[in-house]
$ cat data-v1.txt   # compact mmCIF, C-alpha atoms and all ligand atoms
# COMPACT_ATOMS: atom_id res chain seq x y z
CA MET A 1 10.35 12.01 -3.08
CA TYR A 2 11.88 8.66 -3.74
CA ILE A 3 10.20 6.27 -6.10
CA ALA A 4 11.55 2.82 -6.64
CA LYS A 5 11.38 1.09 -9.98
CA MET A 6 7.76 1.48 -10.89
CA SER A 7 5.43 -1.20 -12.10
CA VAL A 8 2.69 -0.57 -14.63
CA TYR A 9 0.11 -0.62 -11.87
CA SER A 10 1.74 2.18 -9.96
CA ARG A 11 1.64 4.68 -12.80
CA PRO A 12 -1.89 6.04 -12.28
CA LEU A 13 -1.21 6.43 -8.58
CA ILE A 14 2.07 8.21 -9.13
CA LEU A 15 0.30 10.52 -11.54
CA ILE A 16 -2.33 11.33 -8.93
CA LEU A 17 0.41 11.83 -6.39
CA CYS A 18 2.34 14.20 -8.66
CA ILE A 19 -0.76 16.30 -9.27
CA GLY A 20 -1.09 16.54 -5.50
CA LEU A 21 2.54 17.59 -5.20
CA ILE A 22 2.05 20.65 -7.35
CA SER A 23 -0.17 22.14 -4.68
CA PHE A 24 1.78 20.91 -1.68
CA SER A 25 5.46 21.12 -1.04
CA SER A 26 6.16 18.49 1.60
CA PRO A 27 5.82 15.14 -0.19
CA PRO A 28 5.59 11.92 1.78
CA HIS A 29 7.96 9.08 1.30
CA PHE A 30 5.95 6.95 -1.07
CA ILE A 31 7.34 3.87 -2.73
CA LEU A 32 5.48 1.39 -4.86
CA PRO A 33 7.83 -1.57 -4.99
CA SER A 34 8.33 -3.16 -8.38
CA HIS A 35 8.44 -6.65 -6.90
CA PHE A 36 5.03 -6.34 -5.18
CA PRO A 37 1.69 -7.30 -6.73
CA PRO A 38 -0.74 -4.45 -7.52
CA PRO A 39 -2.28 -2.87 -4.41
CA THR A 40 -5.84 -3.89 -3.58
CA TYR A 41 -6.81 -0.53 -2.01
CA ASN A 42 -9.12 1.40 -4.31
CA PHE A 43 -7.20 4.62 -4.94
CA SER A 44 -9.93 6.00 -7.18
CA THR A 45 -12.43 6.62 -4.35
CA HIS A 46 -10.51 9.35 -2.58
CA LYS A 47 -7.89 11.48 -4.24
CA PHE A 48 -4.55 10.63 -2.71
CA SER A 49 -2.87 13.83 -1.65
CA PRO A 50 0.32 14.64 0.25
CA LYS A 51 -1.65 17.24 2.21
CA LYS A 52 -4.01 14.56 3.48
CA VAL A 53 -1.07 12.36 4.35
CA MET A 54 0.36 15.23 6.38
CA ILE A 55 -2.95 15.80 8.20
CA GLY A 56 -3.31 12.08 8.79
CA ARG A 57 0.13 12.08 10.35
CA MET A 58 -0.87 14.87 12.75
CA LEU A 59 -4.09 13.07 13.70
CA PHE A 60 -2.26 9.80 14.20
CA TYR A 61 -0.10 11.45 16.86
CA ASP A 62 -2.82 13.59 18.43
CA PRO A 63 -4.57 12.40 21.63
CA ILE A 64 -7.41 14.80 20.71
CA LEU A 65 -9.00 11.69 19.15
CA SER A 66 -9.52 10.14 22.61
CA ILE A 67 -12.15 11.07 25.19
CA ASP A 68 -9.71 12.43 27.78
CA SER A 69 -6.89 13.46 25.43
CA THR A 70 -4.52 10.82 26.80
CA VAL A 71 -4.34 8.25 24.01
CA SER A 72 -3.34 8.66 20.37
CA CYS A 73 -3.06 6.05 17.64
CA SER A 74 0.68 6.20 18.25
CA SER A 75 0.21 5.15 21.90
CA CYS A 76 -0.37 1.65 20.60
CA HIS A 77 1.28 1.82 17.17
CA LEU A 78 4.90 3.00 17.46
CA SER A 79 6.84 3.71 14.29
CA HIS A 80 10.16 2.35 15.58
CA THR A 81 8.57 -1.07 16.19
CA ALA A 82 6.85 -1.21 12.78
CA PHE A 83 3.79 0.39 14.44
CA ALA A 84 3.30 -2.54 16.82
CA HIS A 85 3.44 -2.18 20.60
CA THR A 86 6.22 -4.15 22.18
CA ASP A 87 5.61 -3.17 25.82
CA HIS A 88 2.28 -4.93 26.08
CA ASN A 89 0.94 -8.26 25.00
CA LEU A 90 -2.63 -6.90 25.15
CA SER A 91 -3.37 -3.31 24.14
CA HIS A 92 -3.62 -0.50 26.73
CA GLY A 93 -6.08 2.33 26.15
CA ILE A 94 -7.75 5.15 28.10
CA GLY A 95 -7.65 4.99 31.90
CA ASP A 96 -5.10 2.16 31.56
CA SER A 97 -7.83 -0.22 30.45
CA ILE A 98 -6.64 -3.42 28.90
CA GLY A 99 -7.99 -4.75 25.63
CA THR A 100 -8.21 -8.32 24.50
CA ARG A 101 -5.79 -8.34 21.60
CA ASN A 102 -2.22 -7.45 20.68
CA ALA A 103 -1.72 -4.30 18.60
CA PRO A 104 -0.52 -5.55 15.22
CA ALA A 105 2.29 -4.03 13.17
CA LEU A 106 0.93 -1.66 10.51
CA MET A 107 2.52 -1.93 7.09
CA ASN A 108 1.70 -2.58 3.47
CA LEU A 109 -1.97 -1.91 4.24
CA ALA A 110 -2.65 -0.99 0.60
CA TRP A 111 -2.32 -4.70 -0.20
CA GLN A 112 -4.91 -5.85 2.34
CA ASN A 113 -8.65 -5.63 2.31
CA LYS A 114 -9.56 -7.13 5.66
CA PHE A 115 -8.31 -5.55 8.84
CA MET A 116 -8.07 -6.57 12.49
CA TRP A 117 -7.11 -10.05 13.65
CA ASP A 118 -10.60 -11.28 12.72
CA GLY A 119 -11.12 -9.16 9.57
CA ALA A 120 -13.95 -7.17 11.19
CA ILE A 121 -13.14 -4.12 9.03
CA THR A 122 -13.23 -4.34 5.25
CA ASN A 123 -12.34 -0.77 4.30
CA LEU A 124 -9.23 1.02 5.51
CA ASP A 125 -11.10 4.33 5.28
CA MET A 126 -13.45 3.07 8.01
CA GLN A 127 -10.75 1.48 10.15
CA SER A 128 -10.10 4.47 12.41
CA LEU A 129 -13.69 4.57 13.67
CA ALA A 130 -13.05 1.32 15.54
CA PRO A 131 -10.22 2.47 17.87
CA ILE A 132 -11.77 5.95 18.30
CA SER A 133 -15.03 4.49 19.62
CA HIS A 134 -13.65 1.40 21.35
CA PRO A 135 -14.33 1.80 25.10
CA ARG A 136 -10.94 0.32 25.99
CA GLU A 137 -8.96 2.17 23.34
CA MET A 138 -9.91 5.83 22.81
CA GLY A 139 -13.50 5.79 24.17
CA GLU A 140 -14.60 8.76 22.04
CA THR A 141 -17.31 9.35 19.41
CA ILE A 142 -16.54 10.63 15.93
CA ASN A 143 -19.04 13.48 16.48
CA GLN A 144 -17.16 14.64 19.58
CA VAL A 145 -13.88 14.41 17.64
CA LEU A 146 -15.38 16.58 14.88
CA LEU A 147 -16.56 19.15 17.45
CA LYS A 148 -13.08 19.35 18.93
CA LEU A 149 -11.40 19.61 15.54
CA ASN A 150 -13.84 22.26 14.31
CA ASN A 151 -13.09 24.27 17.46
CA SER A 152 -9.35 23.99 16.97
CA ALA A 153 -7.63 26.89 15.21
CA LEU A 154 -4.76 24.61 14.31
CA TYR A 155 -6.94 22.05 12.53
CA LYS A 156 -9.20 24.66 10.92
CA GLN A 157 -6.10 26.19 9.41
CA THR A 158 -4.57 22.84 8.46
CA PHE A 159 -7.65 21.37 6.81
CA GLN A 160 -8.52 24.75 5.25
CA LYS A 161 -12.19 23.85 5.38
CA GLU A 162 -15.25 25.64 6.68
CA LYS A 163 -16.45 22.44 8.29
CA ILE A 164 -14.27 19.40 8.94
CA GLU A 165 -16.26 16.23 8.29
CA SER A 166 -15.78 12.64 9.32
CA ALA A 167 -14.61 11.57 5.85
CA ASP A 168 -11.85 14.22 6.06
CA VAL A 169 -10.59 12.73 9.30
CA LEU A 170 -10.92 9.09 8.29
CA THR A 171 -9.39 9.38 4.84
CA SER A 172 -6.51 11.51 6.13
CA LEU A 173 -5.69 8.79 8.64
CA SER A 174 -5.97 6.05 6.04
CA GLN A 175 -3.83 7.96 3.54
CA PHE A 176 -1.08 8.42 6.12
CA MET A 177 -1.25 4.69 6.87
CA LEU A 178 -1.13 3.83 3.15
CA THR A 179 2.35 5.33 3.07
CA PHE A 180 3.56 2.67 5.54
CA ILE A 181 5.29 0.65 2.86
CA SER A 182 7.95 -1.78 3.94
CA ALA A 183 9.87 -3.17 0.98
CA ASN A 184 13.51 -2.44 1.69
CA ALA A 185 14.71 -5.29 3.86
CA LYS A 186 17.72 -7.41 2.93
CA TYR A 187 15.17 -9.97 1.68
CA ASP A 188 13.92 -7.40 -0.84
CA SER A 189 17.46 -6.61 -1.98
CA VAL A 190 17.97 -10.32 -2.60
CA LEU A 191 14.74 -10.50 -4.64
CA ARG A 192 15.94 -7.50 -6.61
CA HIS A 193 19.33 -9.19 -7.17
CA GLN A 194 21.14 -6.45 -5.28
CA ALA A 195 22.33 -8.66 -2.42
CA VAL A 196 22.79 -12.32 -1.58
CA PHE A 197 21.86 -14.36 1.49
CA ASN A 198 24.69 -15.87 3.49
CA SER A 199 24.60 -19.66 3.75
CA GLN A 200 22.70 -19.65 7.04
CA GLU A 201 20.03 -17.28 5.70
CA GLU A 202 19.84 -19.30 2.48
CA ASN A 203 19.23 -22.49 4.44
CA GLY A 204 16.63 -20.67 6.54
CA TYR A 205 14.92 -19.45 3.37
CA THR A 206 14.71 -23.03 2.04
CA LEU A 207 13.16 -24.18 5.33
CA PHE A 208 10.79 -21.21 5.24
CA LYS A 209 9.60 -22.02 1.71
CA LYS A 210 9.05 -25.63 2.72
CA ASN A 211 7.19 -25.04 6.00
CA CYS A 212 5.82 -21.53 6.21
CA ALA A 213 5.42 -19.78 2.85
CA ILE A 214 2.12 -21.47 2.03
CA CYS A 215 0.52 -19.14 4.59
CA HIS A 216 3.15 -16.43 5.02
CA GLN A 217 3.15 -15.97 1.26
CA GLU A 218 5.86 -14.06 -0.55
CA PRO A 219 6.59 -11.25 -1.18
CA LEU A 220 4.20 -9.66 1.36
CA LEU A 221 4.91 -12.56 3.72
CA SER A 222 1.22 -13.25 4.22
CA SER A 223 -1.72 -14.40 2.11
CA PHE A 224 -3.87 -12.41 4.60
CA GLU A 225 -6.26 -15.35 4.89
CA PHE A 226 -7.74 -16.47 8.20
CA LYS A 227 -6.37 -19.68 9.67
CA ASN A 228 -6.10 -21.56 12.92
CA ASN A 229 -2.38 -22.15 13.44
CA GLY A 230 -2.88 -24.50 16.38
CA LEU A 231 -2.43 -22.23 19.39
CA THR A 232 -3.80 -23.57 22.67
CA ILE A 233 -6.98 -21.77 23.63
CA ASP A 234 -6.67 -19.08 26.27
CA THR A 235 -9.75 -19.84 28.34
CA ASN A 236 -9.76 -16.37 29.96
CA LEU A 237 -9.98 -14.52 26.65
CA ASN A 238 -11.79 -17.31 24.81
CA ASP A 239 -11.29 -15.41 21.58
CA LEU A 240 -12.99 -17.23 18.70
CA GLY A 241 -11.39 -14.96 16.11
CA ARG A 242 -12.94 -14.94 12.64
CA TYR A 243 -16.00 -16.81 13.97
CA HIS A 244 -17.14 -13.55 15.65
CA ILE A 245 -17.56 -12.05 12.18
CA THR A 246 -18.83 -14.92 10.04
CA MET A 247 -20.61 -17.03 12.72
CA ASN A 248 -19.37 -19.98 10.72
CA PRO A 249 -18.13 -22.73 13.08
CA THR A 250 -15.32 -23.65 10.67
CA ASP A 251 -13.86 -20.17 11.34
CA SER A 252 -13.52 -20.73 15.10
CA PHE A 253 -10.03 -19.79 16.33
CA CYS A 254 -9.02 -18.55 12.88
CA PHE A 255 -7.04 -15.31 12.85
CA LYS A 256 -5.55 -13.19 10.11
CA ILE A 257 -2.16 -14.50 9.04
CA PRO A 258 0.21 -11.66 9.95
CA SER A 259 2.97 -10.56 7.60
CA LEU A 260 6.38 -11.58 8.90
CA ARG A 261 8.04 -8.41 7.69
CA ASN A 262 9.79 -6.61 10.56
CA VAL A 263 9.01 -9.49 12.89
CA GLU A 264 12.30 -8.74 14.68
CA TYR A 265 10.72 -5.52 16.00
CA SER A 266 7.04 -6.42 16.38
CA TYR A 267 7.10 -8.80 19.35
CA PRO A 268 5.25 -10.06 21.32
CA TYR A 269 3.68 -12.42 18.79
CA MET A 270 0.22 -13.76 17.91
CA HIS A 271 -3.20 -12.13 18.36
CA ASP A 272 -2.80 -12.14 22.13
CA GLY A 273 0.94 -11.48 22.25
CA ARG A 274 1.60 -14.80 23.98
CA PHE A 275 5.12 -15.39 22.62
CA LYS A 276 8.00 -13.03 23.35
CA LYS A 277 10.69 -14.61 21.20
CA LEU A 278 10.91 -16.01 17.67
CA MET A 279 12.31 -19.22 19.15
CA ASP A 280 9.09 -19.57 21.20
CA VAL A 281 7.14 -19.24 17.94
CA LEU A 282 9.22 -21.92 16.22
CA ASN A 283 8.87 -24.22 19.23
CA HIS A 284 5.13 -23.76 18.90
CA TYR A 285 5.19 -24.82 15.24
CA THR A 286 7.32 -27.92 15.96
CA ASP A 287 5.99 -29.05 19.35
CA GLY A 288 2.96 -27.00 20.36
CA ILE A 289 0.37 -27.42 17.60
CA LYS A 290 -2.98 -28.24 19.14
CA LYS A 291 -5.03 -30.46 16.86
CA THR A 292 -8.61 -29.22 16.84
CA SER A 293 -11.32 -29.52 14.20
CA THR A 294 -10.50 -26.12 12.72
CA LEU A 295 -6.71 -26.53 12.61
CA ALA A 296 -5.41 -25.36 9.22
CA PRO A 297 -4.91 -28.41 6.97
CA GLU A 298 -1.48 -27.01 6.06
CA LEU A 299 -0.41 -27.78 9.63
CA SER A 300 -1.89 -31.26 9.94
CA THR A 301 1.47 -32.88 9.18
CA SER A 302 4.06 -32.02 11.83
CA ILE A 303 6.76 -29.48 11.13
CA ILE A 304 10.11 -30.98 12.07
CA LEU A 305 13.07 -28.67 12.62
CA SER A 306 16.33 -29.36 14.46
CA LYS A 307 17.74 -26.78 16.86
CA ASN A 308 20.23 -25.66 14.18
CA GLU A 309 17.53 -25.44 11.54
CA LYS A 310 15.51 -23.21 13.87
CA ILE A 311 18.52 -20.94 14.23
CA ASP A 312 18.87 -20.78 10.43
CA LEU A 313 15.17 -20.08 10.01
CA ILE A 314 15.44 -17.19 12.46
CA ALA A 315 18.46 -15.88 10.51
CA PHE A 316 16.17 -15.77 7.47
CA LEU A 317 13.36 -14.06 9.41
CA LEU A 318 15.83 -11.35 10.43
CA THR A 319 16.44 -10.56 6.75
CA LEU A 320 12.86 -9.25 6.75
CA SER A 321 13.88 -6.37 9.02
CA ASP A 322 13.55 -3.08 7.18
CA ARG A 323 15.52 -0.40 8.99
CA ASN A 324 14.58 2.20 6.36
CA PHE A 325 10.98 1.59 7.34
CA ILE A 326 11.27 1.80 11.10
CA LEU A 327 13.65 4.77 11.01
CA ASN A 328 11.72 6.67 8.33
CA LYS A 329 11.37 10.26 9.54
CA GLN A 330 8.17 10.71 7.50
CA TYR A 331 6.41 8.49 10.03
CA THR A 332 7.44 10.18 13.27
CA TYR A 333 5.73 12.81 15.42
CA PRO A 334 5.32 15.89 13.18
CA LYS A 335 6.62 18.44 15.67
CA GLU A 336 6.81 21.26 13.15
CA ASN A 337 3.11 20.96 12.22
CA PHE A 338 1.98 21.27 15.80
CA LYS A 339 4.09 24.37 16.34
CA GLN A 340 2.74 26.20 13.35
CA THR A 341 -0.19 28.16 14.81
CA LYS A 342 0.55 28.01 18.51
CA ASP A 343 1.47 31.66 19.06
C1 LIG B 401 -5.34 1.11 22.85
C2 LIG B 401 -4.47 0.68 21.77
C3 LIG B 401 -4.82 1.10 20.35
C4 LIG B 401 -5.08 2.38 19.89
C5 LIG B 401 -5.15 3.66 20.68
C6 LIG B 401 -5.22 2.25 18.45
N1 LIG B 401 -5.06 0.95 18.08
FE1 LIG B 401 -5.07 0.25 16.17
N2 LIG B 401 -5.10 -1.62 16.88
C7 LIG B 401 -5.01 -2.00 18.20
C8 LIG B 401 -5.34 -3.40 18.34
C9 LIG B 401 -5.36 -4.20 19.64
C10 LIG B 401 -5.65 -3.87 17.05
C11 LIG B 401 -6.14 -5.26 16.68
C12 LIG B 401 -7.61 -5.26 17.05
C13 LIG B 401 -8.38 -6.48 16.69
O1 LIG B 401 -7.87 -7.34 15.99
O2 LIG B 401 -9.53 -6.60 17.14
C14 LIG B 401 -5.47 -2.73 16.15
C15 LIG B 401 -5.63 -2.80 14.76
C16 LIG B 401 -5.40 -1.73 13.91
C17 LIG B 401 -5.37 -1.82 12.46
C18 LIG B 401 -5.56 -3.08 11.63
C19 LIG B 401 -4.24 -3.65 11.25
C20 LIG B 401 -4.33 -4.97 10.53
O3 LIG B 401 -3.28 -5.45 10.07
O4 LIG B 401 -5.41 -5.57 10.43
C21 LIG B 401 -5.15 -0.56 11.99
C22 LIG B 401 -5.02 -0.13 10.54
C23 LIG B 401 -5.07 0.32 13.14
N3 LIG B 401 -5.20 -0.44 14.28
C24 LIG B 401 -4.93 1.69 13.08
C25 LIG B 401 -5.16 2.53 14.19
C26 LIG B 401 -5.42 3.96 14.10
C27 LIG B 401 -5.44 4.78 12.83
C28 LIG B 401 -5.60 4.41 15.37
C29 LIG B 401 -5.97 5.79 15.84
C30 LIG B 401 -7.20 6.36 15.29
C31 LIG B 401 -5.44 3.25 16.25
N4 LIG B 401 -5.21 2.14 15.49
C32 LIG B 401 -5.51 3.31 17.63
C33 LIG B 401 -4.68 -1.17 19.25
C34 LIG B 401 -4.85 0.21 19.20
C1 LIG B 402 -1.57 -22.61 8.26
C2 LIG B 402 -0.92 -21.37 7.94
C3 LIG B 402 0.39 -21.08 8.66
C4 LIG B 402 1.61 -21.72 8.53
C5 LIG B 402 1.95 -22.93 7.68
C6 LIG B 402 2.54 -20.96 9.34
N1 LIG B 402 1.90 -19.92 9.94
FE1 LIG B 402 2.75 -18.53 11.13
N2 LIG B 402 0.90 -17.72 11.54
C7 LIG B 402 -0.28 -18.16 11.00
C8 LIG B 402 -1.39 -17.51 11.66
C9 LIG B 402 -2.87 -17.70 11.37
C10 LIG B 402 -0.82 -16.66 12.62
C11 LIG B 402 -1.58 -15.77 13.63
C12 LIG B 402 -2.20 -16.67 14.66
C13 LIG B 402 -2.84 -15.96 15.83
O1 LIG B 402 -2.38 -14.93 16.26
O2 LIG B 402 -3.81 -16.52 16.35
C14 LIG B 402 0.62 -16.81 12.51
C15 LIG B 402 1.55 -16.12 13.26
C16 LIG B 402 2.92 -16.22 13.11
C17 LIG B 402 3.89 -15.36 13.76
C18 LIG B 402 3.55 -14.19 14.69
C19 LIG B 402 3.64 -12.88 13.95
C20 LIG B 402 3.07 -11.70 14.71
O3 LIG B 402 3.29 -10.57 14.24
O4 LIG B 402 2.42 -11.88 15.72
C21 LIG B 402 5.12 -15.78 13.37
C22 LIG B 402 6.45 -15.16 13.78
C23 LIG B 402 4.94 -16.90 12.48
N3 LIG B 402 3.58 -17.13 12.34
C24 LIG B 402 5.96 -17.59 11.87
C25 LIG B 402 5.75 -18.76 11.14
C26 LIG B 402 6.83 -19.61 10.70
C27 LIG B 402 8.30 -19.35 10.93
C28 LIG B 402 6.25 -20.67 10.06
C29 LIG B 402 6.91 -21.90 9.49
C30 LIG B 402 7.68 -22.66 10.44
C31 LIG B 402 4.82 -20.44 10.07
N4 LIG B 402 4.56 -19.27 10.74
C32 LIG B 402 3.88 -21.27 9.48
C33 LIG B 402 -0.41 -19.10 10.00
C34 LIG B 402 0.59 -19.95 9.57

$ encode --input "data-v1.txt" --output "C-alpha cells"
Amino acid sequence: MYIAKMSVYSRPLILILCIGLISFSSPPHFILPSHFPPPTYNFSTHKFSPKKVMIGRMLFYDPILSIDSTVSCSSCHLSHTAFAHTDHNLSHGIGDSIGTRNAPALMNLAWQNKFMWDGAITNLDMQSLAPISHPREMGETINQVLLKLNNSALYKQTFQKEKIESADVLTSLSQFMLTFISANAKYDSVLRHQAVFNSQEENGYTLFKKNCAICHQEPLLSSFEFKNNGLTIDTNLNDLGRYHITMNPTDSFCFKIPSLRNVEYSYPYMHDGRFKKLMDVLNHYTDGIKKTSTLAPELSTSIILSKNEKIDLIAFLLTLSDRNFILNKQYTYPKENFKQTKD
C-alpha cells in the first residue's frame, strides 16, 4: 500500500483501512492526497474494507449485473480513459441501445456528494442502482441481480455470506469507486513543489486561473456546482439538466461542472459528448457562448483568448493528466479473482 503525505482528516480513514488490512492481504491502492480538502463521503456509515473494494472491482467488471449478461459497468467506464467512454458521445447499453448522455470520467468521487450530470443521485452507495435498472444501460433489477449472485458459487465464496444483500453489492461497488483517486498529475507535483511548469504551461495556468478556475475550482478542478456554460441547445435531446431534479426554472440547462483532471483522456466533452477536441471546447468558450436567461453569470463577460493563448491553456490542461491513475493495475479487470473457483 502506498500512502501519500497524510492530512489530519485522513487519519481515521487510514486507521479503518489498516484494521481491514489485518484480515485481508490484497490491499487496494489508496491515497489520500495531502493537498486535497477533506473528503465529503461519510466513511462512518459503512466500514471501508479492502475485501469490499476487491468485490466491488469484480462486480464492476462483471456483466452479470445486466439483464442479458452483455454489459458491465466497465463497458461504459474504462480505466485507461479515466473511466470515461471515448468511443461514444452518448452511452451505449444493452441491445446496443443509445442513452441520452455521455459517460463521465469517474474519479475523486469521495469529494462529491451529487452524482450524474444533473445531480440526480445524492449518495454514492445508491449510485449503482441507477445504471443497473436503467432500460438503456443494464436493464436489470437489483432483485434479479441478487438472485444471480446468490446462485453463483464464485460470489457465495467471495462474499462469504449466507445471503448476499443489496447493500453488500452497492457498498462494494461504491468502495471500489472510492479508490479512484487521481492526484498524481504534473499539476499535483507542481503544487507539492516537486516539479515546475514550463513557460507555456505557466502562461496557460495564469489564463486558467483568470478565466476558468472560478468554476473548475482547484485542486479538484471543479466546484461540483450546477451551471449553464452557454452550450447551444440540442433540440433532439432537449436535456434540461438540473431542472429535471429541482423543477426550478433557474436550473434549466445547468449541468454538473466536470473536473478537468485527465481531460486529455476523457473526450468527447460535455454532457452530450458534443466536442471531440480541447480546442473545440476553447472555441466554445471564446466564440460559442449562447446567452440565455440561465447562463452562468461568470460567463456573461466574454472570454477572449488568442490562438497562442489557447495553445498555452491546452498545455496547462495536459498537466492534469495522471498516468499513474489511468495505468493503475488496481483498477483493471481482476482476472485472478474470476479464475479462483472455476474448476
Ligand atoms: C451504458 C453505459 C453505462 C453503464 C453500463 C454504466 N454507466 Fe455509469 N454512467 C453512464 C452515464 C451516461 C452517466 C451519466 C448519467 C447522467 O448524467 O444521467 C453515468 C454516471 C455514473 C456515475 C456518476 C459520475 C459523476 O461524476 O456524477 C457513476 C459513479 C457511475 N456512472 C458508476 C457506474 C457503475 C458503478 C456502473 C455499473 C453498476 C455503471 N456506472 C454503469 C453510463 C454508464
Ligand atoms: C460558469 C462556470 C464555468 C466556467 C467559467 C468554465 N467552465 Fe468549463 N464547464 C462548465 C460546465 C457547467 C461544464 C459542463 C457543461 C455541460 O456538459 O453541459 C463544463 C465543461 C467543460 C469541459 C468538458 C469536460 C468534460 O469532461 O466533458 C472542459 C474541457 C471545460 N469545461 C474547460 C473549461 C475551460 C478551459 C474554461 C476556461 C476557459 C472553462 N471550462 C470555464 C462550467 C464552466

$ residues_near_ligand --input "data-v1.txt" --ligand "ligand LIG 401 (chain B)" --cutoff "6 Å" --atoms "only C-alpha atoms and all ligand atoms" --output "ChimeraX atom specification"
/A:60,71-73,75-76,91-93,101-104,106,115-118,127-128,131-132,137-138,173

$ residues_around --input "data-v1.txt" --residues "Tyr155 of chain A" --least-positions-apart "6" --cutoff "10 Å" --atoms "all atoms listed in the file" --output "list of chain:residue names"
A:Ile55, A:Met58, A:Leu59, A:Lys148, A:Leu149, A:Lys161, A:Ile164, A:Phe338, A:Thr341

$ write_last_selection --input "data-v1.txt" --atoms "C-alpha atoms" --output "compact mmCIF listing (two decimals), in the coordinates of the input"
# COMPACT_ATOMS: atom_id res chain seq x y z
CA ILE A 55 -2.95 15.80 8.20
CA MET A 58 -0.87 14.87 12.75
CA LEU A 59 -4.09 13.07 13.70
CA LYS A 148 -13.08 19.35 18.93
CA LEU A 149 -11.40 19.61 15.54
CA LYS A 161 -12.19 23.85 5.38
CA ILE A 164 -14.27 19.40 8.94
CA PHE A 338 1.98 21.27 15.80
CA THR A 341 -0.19 28.16 14.81

$ closest_atom_pairs --input "data-v1.txt" --of "chain A" --to "ligand LIG 402 (chain B)" --cutoff "7 Å" --atoms "only C-alpha atoms and all ligand atoms" --output "Markdown table"
| residue | atom | partner | partner_atom | distance |
| --- | --- | --- | --- | --- |
| A:Pro104 | CA | B:LIG402 | O3 | 6.4 |
| A:Ala105 | CA | B:LIG402 | O3 | 6.7 |
| A:Phe208 | CA | B:LIG402 | C29 | 5.8 |
| A:Asn211 | CA | B:LIG402 | C29 | 4.7 |
| A:Cys212 | CA | B:LIG402 | C29 | 3.5 |
| A:Ala213 | CA | B:LIG402 | C5 | 6.7 |
| A:Ile214 | CA | B:LIG402 | C5 | 5.8 |
| A:Cys215 | CA | B:LIG402 | C2 | 4.3 |
| A:His216 | CA | B:LIG402 | N1 | 6.2 |
| A:Phe226 | CA | B:LIG402 | C9 | 5.9 |
| A:Lys227 | CA | B:LIG402 | C9 | 4.4 |
| A:Asn228 | CA | B:LIG402 | C9 | 5.3 |
| A:Asn229 | CA | B:LIG402 | C9 | 4.9 |
| A:Leu231 | CA | B:LIG402 | O2 | 6.6 |
| A:Cys254 | CA | B:LIG402 | C9 | 6.4 |
| A:Phe255 | CA | B:LIG402 | O2 | 4.9 |
| A:Lys256 | CA | B:LIG402 | C9 | 5.4 |
| A:Ile257 | CA | B:LIG402 | C9 | 4.0 |
| A:Pro258 | CA | B:LIG402 | O3 | 5.4 |
| A:Ser259 | CA | B:LIG402 | O3 | 6.6 |
| A:Leu260 | CA | B:LIG402 | C19 | 5.9 |
| A:Val263 | CA | B:LIG402 | O3 | 6.0 |
| A:Ser266 | CA | B:LIG402 | O3 | 6.0 |
| A:Tyr267 | CA | B:LIG402 | O3 | 6.6 |
| A:Pro268 | CA | B:LIG402 | O4 | 6.5 |
| A:Tyr269 | CA | B:LIG402 | O4 | 3.4 |
| A:Met270 | CA | B:LIG402 | O1 | 3.3 |
| A:His271 | CA | B:LIG402 | O1 | 3.6 |
| A:Asp272 | CA | B:LIG402 | O1 | 6.5 |
| A:Gly273 | CA | B:LIG402 | O4 | 6.7 |
| A:Leu278 | CA | B:LIG402 | C22 | 6.0 |
| A:Val281 | CA | B:LIG402 | C22 | 5.9 |
| A:Leu282 | CA | B:LIG402 | C27 | 6.0 |
| A:Tyr285 | CA | B:LIG402 | C30 | 5.8 |
| A:Ala296 | CA | B:LIG402 | C1 | 4.8 |
| A:Pro297 | CA | B:LIG402 | C1 | 6.8 |
| A:Glu298 | CA | B:LIG402 | C1 | 4.9 |
| A:Leu299 | CA | B:LIG402 | C1 | 5.5 |
| A:Ile303 | CA | B:LIG402 | C30 | 6.9 |
| A:Leu313 | CA | B:LIG402 | C27 | 7.0 |

$ write_last_selection --input "data-v1.txt" --atoms "C-alpha atoms" --output "compact mmCIF listing (two decimals), keeping the file's coordinate frame"
# COMPACT_ATOMS: atom_id res chain seq x y z
CA PRO A 104 -0.52 -5.55 15.22
CA ALA A 105 2.29 -4.03 13.17
CA PHE A 208 10.79 -21.21 5.24
CA ASN A 211 7.19 -25.04 6.00
CA CYS A 212 5.82 -21.53 6.21
CA ALA A 213 5.42 -19.78 2.85
CA ILE A 214 2.12 -21.47 2.03
CA CYS A 215 0.52 -19.14 4.59
CA HIS A 216 3.15 -16.43 5.02
CA PHE A 226 -7.74 -16.47 8.20
CA LYS A 227 -6.37 -19.68 9.67
CA ASN A 228 -6.10 -21.56 12.92
CA ASN A 229 -2.38 -22.15 13.44
CA LEU A 231 -2.43 -22.23 19.39
CA CYS A 254 -9.02 -18.55 12.88
CA PHE A 255 -7.04 -15.31 12.85
CA LYS A 256 -5.55 -13.19 10.11
CA ILE A 257 -2.16 -14.50 9.04
CA PRO A 258 0.21 -11.66 9.95
CA SER A 259 2.97 -10.56 7.60
CA LEU A 260 6.38 -11.58 8.90
CA VAL A 263 9.01 -9.49 12.89
CA SER A 266 7.04 -6.42 16.38
CA TYR A 267 7.10 -8.80 19.35
CA PRO A 268 5.25 -10.06 21.32
CA TYR A 269 3.68 -12.42 18.79
CA MET A 270 0.22 -13.76 17.91
CA HIS A 271 -3.20 -12.13 18.36
CA ASP A 272 -2.80 -12.14 22.13
CA GLY A 273 0.94 -11.48 22.25
CA LEU A 278 10.91 -16.01 17.67
CA VAL A 281 7.14 -19.24 17.94
CA LEU A 282 9.22 -21.92 16.22
CA TYR A 285 5.19 -24.82 15.24
CA ALA A 296 -5.41 -25.36 9.22
CA PRO A 297 -4.91 -28.41 6.97
CA GLU A 298 -1.48 -27.01 6.06
CA LEU A 299 -0.41 -27.78 9.63
CA ILE A 303 6.76 -29.48 11.13
CA LEU A 313 15.17 -20.08 10.01

$ atom_distance --input "data-v1.txt" --atom1 "atom CA of Gln200 of chain A" --atom2 "atom CA of Lys310 of chain A"
10.5 Å

$ atom_distance --input "data-v1.txt" --atom1 "atom CA of Asn324 of chain A" --atom2 "atom CA of Pro39 of chain A"
20.6 Å

$ residues_near_point --input "data-v1.txt" --point "(-10.6, 12.9, 5.7)" --cutoff "10 Å" --atoms "only C-alpha atoms" --output "JSON, numbers by chain"
{"A": [46, 52, 53, 55, 56, 125, 159, 164, 165, 166, 167, 168, 169, 170, 171, 172, 173, 174, 175]}
